[in-house]
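Contents: one structure, followed by commentary.
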Amino acid sequence: MLFAFAQNGTSANSETIDQIRQIFNAQELYKLEFSGPKAQLLFHEVKNLRDTTLTRSFDYSSYYAAQKAYAKKQLGLNLRADALQNSQTVFTDVEDNILYQRRYLIGLEWDILKNGFLQRNSQLKSIDFQEQVTSIEQKNAVPLKSSVPRTACIAYFNTKKIQLLEARLKTLKSYLPYLEQLFYAKQITLEDLFASQSRLVETHEQLDLYKNYNNQLQLGYINNLFDLSAPVFDINDSIFFGALKNAVIEDTANIRSLQEAIAQTENKWYNELSLRAYTRMNIYDLYSSLNPYRSFFSFGINFSMPLVFSHHEKAQVDLVKWEKDHQRVKQSSNERLLEQANSCYEYRFGLNKLLLLQEKEKQIREAIRVERTKNQLKESDFNAMHGLKLMDDLAQIQLEEIGMRQVLYLKLIDLHEKNDPSLTDSWLTQLEPLKSDAFPENNRTVYAWSKAFTNDPGVLAAFTEYNRFEKVLLAVGETDSLISKKNEFVRLISTADIEVVPLVGNNKLLFAEDYTKQLTAILDAYSLWNFKEIHLDIEPHTQDNWKEDESKAFENYLEKLKETKTLCTKNGWLLSIAIPINYDSTQVQACLEVVDEVHFMCYENVKASYLSRKLAPYKPYGNRIHIALRTEDFQDRYTLEQFINHLSTNEGFVQFDYHDLSRLIQWDLEQLQHEKR
């Protein structure tokens with residue numbers, strides 16, 4: 001290993017390796033931040049694009065509006081005017097038995113049935129039905145794709161990749177010169193050096209690719225479109241395909257029904273009749289010297305009817321013709337259904353790949369945490385180069401995660417363009433952050449009493465981070481000889497985002513004359529911790545007055561809680577307390593009305609059935625309830641963890657306290673000694 005070489009090498013080599021160690025210690029693990037409530041803005045934007053001419057080949061609404069406007073003017077009214085000039089030959093109007101040399105006719109005709117008033121009304125209804133059919137067909141038709149949301153999606157995820165690659169490039173450049181020194185000093189192989197140089201070249205090429213793409217775009221509109229975080233979604237198959245199938249079946253039935261209505265409307269029986277009413281003004285220039293001019297009005301009606309009606313047969317002809325088009329629509333819908341099934345499968349397949357990548361990321365992060373622990377414990381097998389390689393592997397995995405998210409979002413854009421966007425909220429479920437089902441995800445808190453600080457603060461910090469504790473209840477007191485060690489411990493774990501809560505466990509405070517002043521004096525000594533919560537582990541049930549008058553003793557305790565809560569509210573702190581599991585429900589309820597969290601001390605009797613029964617009334621309080629378990633009540637760490645997993649899986653509790661840090665370390669030491677034997 002690298003550091004084994006250093007022991008036999010020159011001091012210059014040792015200095016080089018020490019520089020690599022410092023680079024490893026200084027590295028911050030890059031975090032992918034995607035979660036947020038704005039993700040659906042993209043899909044609403046896709047809907048807006050779908051509703052514009054970007055996704056339409058023809059504006060049918062204007063077309064049908066023009067048809068209706070034309071049909072409304074077809075009232076069947078016609079103005080007729082005739083003028084006739086005869087030559088020298090005498091002209092006789094046989095109908096009127098009049099001899100004339102010229103004639104003028106002016107008249108108004110009204111076609112009531114065929115091509116007239118009634119047929120106009122039928123035509124308007126038919127246009128409405130045709131518009132509904134077209135609307136259904138347009139909804140099912142695959143719209144034209146818009147490049148805007150796709151380009152925005154690619155550019156957004158490219159930005160994430162660029163941020164990660166720039167951080168990766170900075171790290172590679174920082175330690176590559178030291179690797180070259182070690183190579184020429186024969187401390188590492190040429191293969192090791194080439195591997196790091198290849199990663200550097202790969203990072204440069206990827207950065208150029210993504211930067212060039214983003215730099216070529218006019219990103220003003222695109223940035224506004226995709227200025228959002230990007231959580232991962234899962235597709236509810238039953239809702240998605242149920243809605244899709246129902247839409248296809250419903251649309252098919254609706255189109256058939258509308259086509260029948262059109263056929264019946266356009267082939268009414270009265271369309272085969274002809275009925276016209278008219279009035280005329282007749283003016284004649286007669287061959288008569290006595291009264292050469294003659295004028296009069298005439299009225300009439302024309303009616304015709306076929307001997308055999310054929311409107312039913314004509315309707316059937318139209319239906320057969322439309323059935324051919326209807327089959328085309330059904331075929332298109334079925335193909336669309338199969339296409340969506342394939343797209344959904346591809347999306348779910350990609351989602352599984354992303355889940356596996358995230359599991360790999362967890363494994364690498366755990367390996368990095370182990371290397372950091374080895375470094376802090378100054379173990380001989382610590383290898384900073386191995387740690388840096390793990391960090392680079394982590395960056396590579398994260399790049400793959402970003403790429404897979406990009407693929408998933410592009411697929412979602414396609415699904416939204418081809419489906420009704422209004423159904424999005426029903427068939428999409430946000431899965432951020434994705435979690436493995438291998439072990440229950442519990443929130444871990446550990447008690448750290450002063451006796452734990454017989455160990456080095458660095459060892460305690462490494463152990464706390466390695467065990468993934470999220471919160472430490474750290475004992476404080478009026479006089480604290482270990483305060484410098486505790487301050488160092490707090491400083492070390494602050495880089496791992498582990499919260500520190502001062503634990504006040506002095507029962508004498510129950511009888512303090514000025515309780516708030518005395519409590520404030522204790523907490524002021526630890527102000528450097530910048531804590532956001534305080535924890536009271538004061539036990540009135542252990543005092544003599546509890547045995548004498550439990551009710552009065554509890555009232556005194558409750559009064560102290562109220563004073564503490566007032567102090568916490570003033571300073572913006574939360575208040576948590578530790579109480580026994582055997583307090584009665586009225587006492588627990590009174591406490592819950594005052595404090596933010598209750599930590600039940602589930603000691604001695606740790607049967608699952610007993611705790612389930614005692615804790616059942618407090619399940620509705622969710623994360624406000626903590627279950628504190630004592631190491632003394634379990635055979636080993638494995639037994640304790642199995643018990644926690646049982647309560648989490650079967651009872652739904654997620655907040656667990658480990659009592660305590662010192663005993664957990666002792667367990668690990670005993671296990672290591674057992675392995676050596």
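Every chain in the structure tokens has a letter given in the order shown (A, B, ...), and although residue numbers restart at 1 in each chain, ligands are simply numbered from 1 in the order shown.
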
Per DSSP on the backbone, filter segment 472-596 of chain A down to the residues in helix (DSSP H, G or I) and report them as an MDAnalysis selection string. chainID A and resid 483:494 507:511 515:524 527:529 540:542 544:548 550:571 585:592

Taking the backbone alone, and naming residues the way the document does, which bits of segment 426-592 of chain A are strand (DSSP E or B) by DSSP, as a PyMOL selection string? chain A and resi 428-430+443-448+471-476+499-504+533-536+574-580

Residues near segment 393-399 of chain A, anyone? I mean within 8 Å using only C-alpha atoms, not counting same-chain ones fewer than 3 positions away, as a PyMOL selection string. chain A and resi 30+32+161+164-165+168+357+360-361+364-365+389-390+402-403

For those residues, write N, CA and C atoms to a file as a PDB file, in the first residue's frame.
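Output (selection-v9.pdb):
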ATOM      1  N   TYR A  30     -19.566  16.073  -2.710  1.00  0.00           N
ATOM      2  CA  TYR A  30     -20.550  16.817  -3.503  1.00  0.00           C
ATOM      3  C   TYR A  30     -21.933  16.208  -3.300  1.00  0.00           C
ATOM      4  N   LEU A  32     -25.919  16.074  -4.549  1.00  0.00           N
ATOM      5  CA  LEU A  32     -26.874  16.373  -5.620  1.00  0.00           C
ATOM      6  C   LEU A  32     -28.155  16.892  -4.997  1.00  0.00           C
ATOM      7  N   LYS A 161     -24.353  18.746 -14.290  1.00  0.00           N
ATOM      8  CA  LYS A 161     -23.144  17.978 -14.617  1.00  0.00           C
ATOM      9  C   LYS A 161     -21.914  18.878 -14.579  1.00  0.00           C
ATOM     10  N   LEU A 164     -20.725  19.530 -11.039  1.00  0.00           N
ATOM     11  CA  LEU A 164     -20.049  18.362 -10.479  1.00  0.00           C
ATOM     12  C   LEU A 164     -18.687  18.147 -11.126  1.00  0.00           C
ATOM     13  N   LEU A 165     -18.612  18.288 -12.443  1.00  0.00           N
ATOM     14  CA  LEU A 165     -17.349  18.063 -13.147  1.00  0.00           C
ATOM     15  C   LEU A 165     -16.299  19.101 -12.777  1.00  0.00           C
ATOM     16  N   ARG A 168     -14.929  18.010  -9.558  1.00  0.00           N
ATOM     17  CA  ARG A 168     -14.087  16.829  -9.785  1.00  0.00           C
ATOM     18  C   ARG A 168     -12.750  17.233 -10.395  1.00  0.00           C
ATOM     19  N   LEU A 357     -28.081   2.932  -8.898  1.00  0.00           N
ATOM     20  CA  LEU A 357     -26.992   3.909  -8.816  1.00  0.00           C
ATOM     21  C   LEU A 357     -26.961   4.575  -7.452  1.00  0.00           C
ATOM     22  N   LYS A 360     -25.439   2.253  -5.022  1.00  0.00           N
ATOM     23  CA  LYS A 360     -23.988   2.256  -5.173  1.00  0.00           C
ATOM     24  C   LYS A 360     -23.385   3.506  -4.525  1.00  0.00           C
ATOM     25  N   GLU A 361     -24.091   4.631  -4.691  1.00  0.00           N
ATOM     26  CA  GLU A 361     -23.606   5.866  -4.068  1.00  0.00           C
ATOM     27  C   GLU A 361     -23.546   5.721  -2.552  1.00  0.00           C
ATOM     28  N   ILE A 364     -20.470   3.672  -1.645  1.00  0.00           N
ATOM     29  CA  ILE A 364     -19.218   4.422  -1.769  1.00  0.00           C
ATOM     30  C   ILE A 364     -19.090   5.446  -0.649  1.00  0.00           C
ATOM     31  N   ARG A 365     -20.185   6.107  -0.317  1.00  0.00           N
ATOM     32  CA  ARG A 365     -20.140   7.071   0.788  1.00  0.00           C
ATOM     33  C   ARG A 365     -19.756   6.378   2.096  1.00  0.00           C
ATOM     34  N   LYS A 389      -9.577   8.040  -4.558  1.00  0.00           N
ATOM     35  CA  LYS A 389     -10.157   7.266  -5.653  1.00  0.00           C
ATOM     36  C   LYS A 389     -11.634   6.992  -5.378  1.00  0.00           C
ATOM     37  N   LEU A 390     -11.966   6.695  -4.133  1.00  0.00           N
ATOM     38  CA  LEU A 390     -13.368   6.488  -3.778  1.00  0.00           C
ATOM     39  C   LEU A 390     -14.182   7.753  -4.028  1.00  0.00           C
ATOM     40  N   ILE A 402     -27.148  11.853 -12.668  1.00  0.00           N
ATOM     41  CA  ILE A 402     -27.682  13.034 -13.354  1.00  0.00           C
ATOM     42  C   ILE A 402     -28.110  12.664 -14.769  1.00  0.00           C
ATOM     43  N   GLY A 403     -27.270  11.879 -15.450  1.00  0.00           N
ATOM     44  CA  GLY A 403     -27.617  11.454 -16.805  1.00  0.00           C
ATOM     45  C   GLY A 403     -28.888  10.632 -16.841  1.00  0.00           C
TER      46      GLY A 403
END

I'd like the neighbourhood of Arg663 of chain A as a list in words, where a residue qualifies if any of its atoms comes within 9 Å (using only C-alpha atoms), though same-chain residues fewer than 6 positions away should be ignored.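 Using only C-alpha atoms, the neighbours found are Ala452, Thr631 and Glu632 of chain A.
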
Out of A:Lys160, A:Lys607, A:Arg637, A:Arg630, which residue has the shortest atom-to-atom distance to Tyr447 of chain A when counting only C-alpha atoms?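 For Tyr447 of chain A, the nearest of the candidates is A:Arg630.
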
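By only C-alpha atoms, and with residues fewer than 6 positions from Asn455 of chain A along its chain excluded, the set lying at most 12 Å from it is A:Leu377, A:Ala448, A:Trp449, A:Ala461, A:Ala462, A:Phe463, A:Leu482, A:Lys485, A:Lys486, A:Phe489, A:Leu661, A:Ser662, A:Arg663, A:Ile665, A:Gln666.
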
Can you tell me which residues surround Glu593 of chain A at a distance of at most 12 Å, considering only C-alpha atoms, apart from same-chain residues fewer than 6 positions away, and format the answer as a ChimeraX atom specification? /A:558,561-562,565,575-576,586-587,621,624

Using only C-alpha atoms, which of A:Ala65, A:Leu408, A:Ile283, A:Ala315 sits nearest Asp234 of chain A?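 Between A:Ala65, A:Leu408, A:Ile283, A:Ala315, the residue approaching Asp234 of chain A most closely is A:Leu408.
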